[in-house]
Amino acid sequence: MNDTVEGGGATLQAAGVTPVTAPAPRPGEPVLEGEGLVKEFRGGDGGIIRVLDHVSIAVRRGEMVAIVGESGAGKSTLLHVLGALERPSAGRIRLAGQAVEGLTEGTLDALRNRTVGFVFQFHHLLREFSALENVMMPLRIAGETLASARERAGVLLERVGLASRLHHRPGALSGGEQQRTAVARALAARPSVLLADEPSGNLDRYNAEALHDLFAELARDQSLGLVVVTHNQSLASRADRVLSLGGGRLVQSDVHGGG
């Protein structure tokens with residue numbers, strides 16, 4: 001790992017950001033809440049397009065929730081709003097018990113980086129770094145020591161079945177191994193919430209099934225609130241609840257979950 005990465009992790013105070021200490025949710029309390037969420041965009045003709053229309057959702061620790069729906073229904077937009085990557089046009093969000101509205105961008109970034117892990121369809125690994133270094137990255141940025149970050153990254157990569165691939169760069173990893181590395185990186189900062197957007201969309205059936213098993217295990221073993229957007233029926237069937245997004249509304253789906 002080069003000097004730039006090893007030297008990362010300036011304190012939030014030095015960067016002029018006020019840290020937010022979110023209260024730890026008590027057992028049974030939601031770790032992710034969205035209430036009355038509205039998201040609107042202005043179309044090319046100048047009209048307003050409402051993608052999310054008063055959506056509400058609550059996800060508890062240890063629970064896996066799948067969100068399904070047609071392409072273009074707004075599933076990725078909902079995930080971005082829930083993860084505080086985008087602000088809603090209206091409505092409220094709480095991450096690990098902390099209200100999001102009213103926070104400055106810097107404070108919101110700090111809260112999101114500490115409480116939410118993201119896994120996308122494309123893994124976005126840094127190709128010049130090994131699997132171990134990629135997983136260490138968010139920890140170093142957060143200010144953890146090199147030794148602590150290396151130990152945590154090694155444990156996570158072992159957890160996702162990559163103990164023998166720590167020092168391989170992404171180009172030397174299979175598609176499934178790259179995505180499992182991305183999952184380990186998302187877990188590095190010990191988030192309360194893991195959000196995944198079509199995480200197995202680019203994988204073959206064998207690797208997709210292995211990743212689906214991993215997500216179901218992680219929600220339980222890591223005590224995460226897990227929300228996954230997917231078209232994959234196999235992944236949705238592993239969820240505790242399956243919700244369908246259509247016409248801007250989120251409703252209980254007839255797809256069976258909890259299998």
# chains A, B, ... in the order shown; residues from 1 in each chain; ligands from 1
>>> residues_around(residues="Glu86 (chain A)", least_positions_apart="5", cutoff="10 Å", atoms="only C-alpha atoms", output="PyMOL selection string")
chain A and resi 39+77-81
>>> residues_around(residues="Pro199 (chain A)", least_positions_apart="6", cutoff="9 Å", atoms="only C-alpha atoms", output="ChimeraX atom specification")
/A:119-123,179,208,211-212,228-230
>>> atom_distance(atom1="CA of Gly247 (chain A)", atom2="CA of Ala73 (chain A)")
6.9 Å
>>> closest_residue(among="A:Gly74, A:Gly62, A:Gly161, A:Gly171", to="Phe129 (chain A)", atoms="only C-alpha atoms")
A:Gly171
>>> closest_residue(among="A:Asn134, A:Gln252, A:Ser89, A:Ser223", to="Leu194 (chain A)", atoms="only C-alpha atoms")
A:Ser223
>>> closest_residue(among="A:Leu82, A:Leu32, A:Ala147, A:Met136", to="Ala182 (chain A)", atoms="only C-alpha atoms")
A:Met136
>>> residues_around(residues="Ser192 (chain A)", least_positions_apart="3", cutoff="8 Å", atoms="only C-alpha atoms", output="MDAnalysis selection string")
chainID A and resid 31 61 96 115:116 223:225
>>> select_by_dssp(residues="region 38-242 of chain A", states="strand (DSSP E or B)", output="MDAnalysis selection string")
chainID A and resid 38:42 48:60 64:68 90:95 98:99 116:119 193:197 225:229 241:242
>>> atom_distance(atom1="CA of Ser164 (chain A)", atom2="CA of Glu177 (chain A)")
11.0 Å
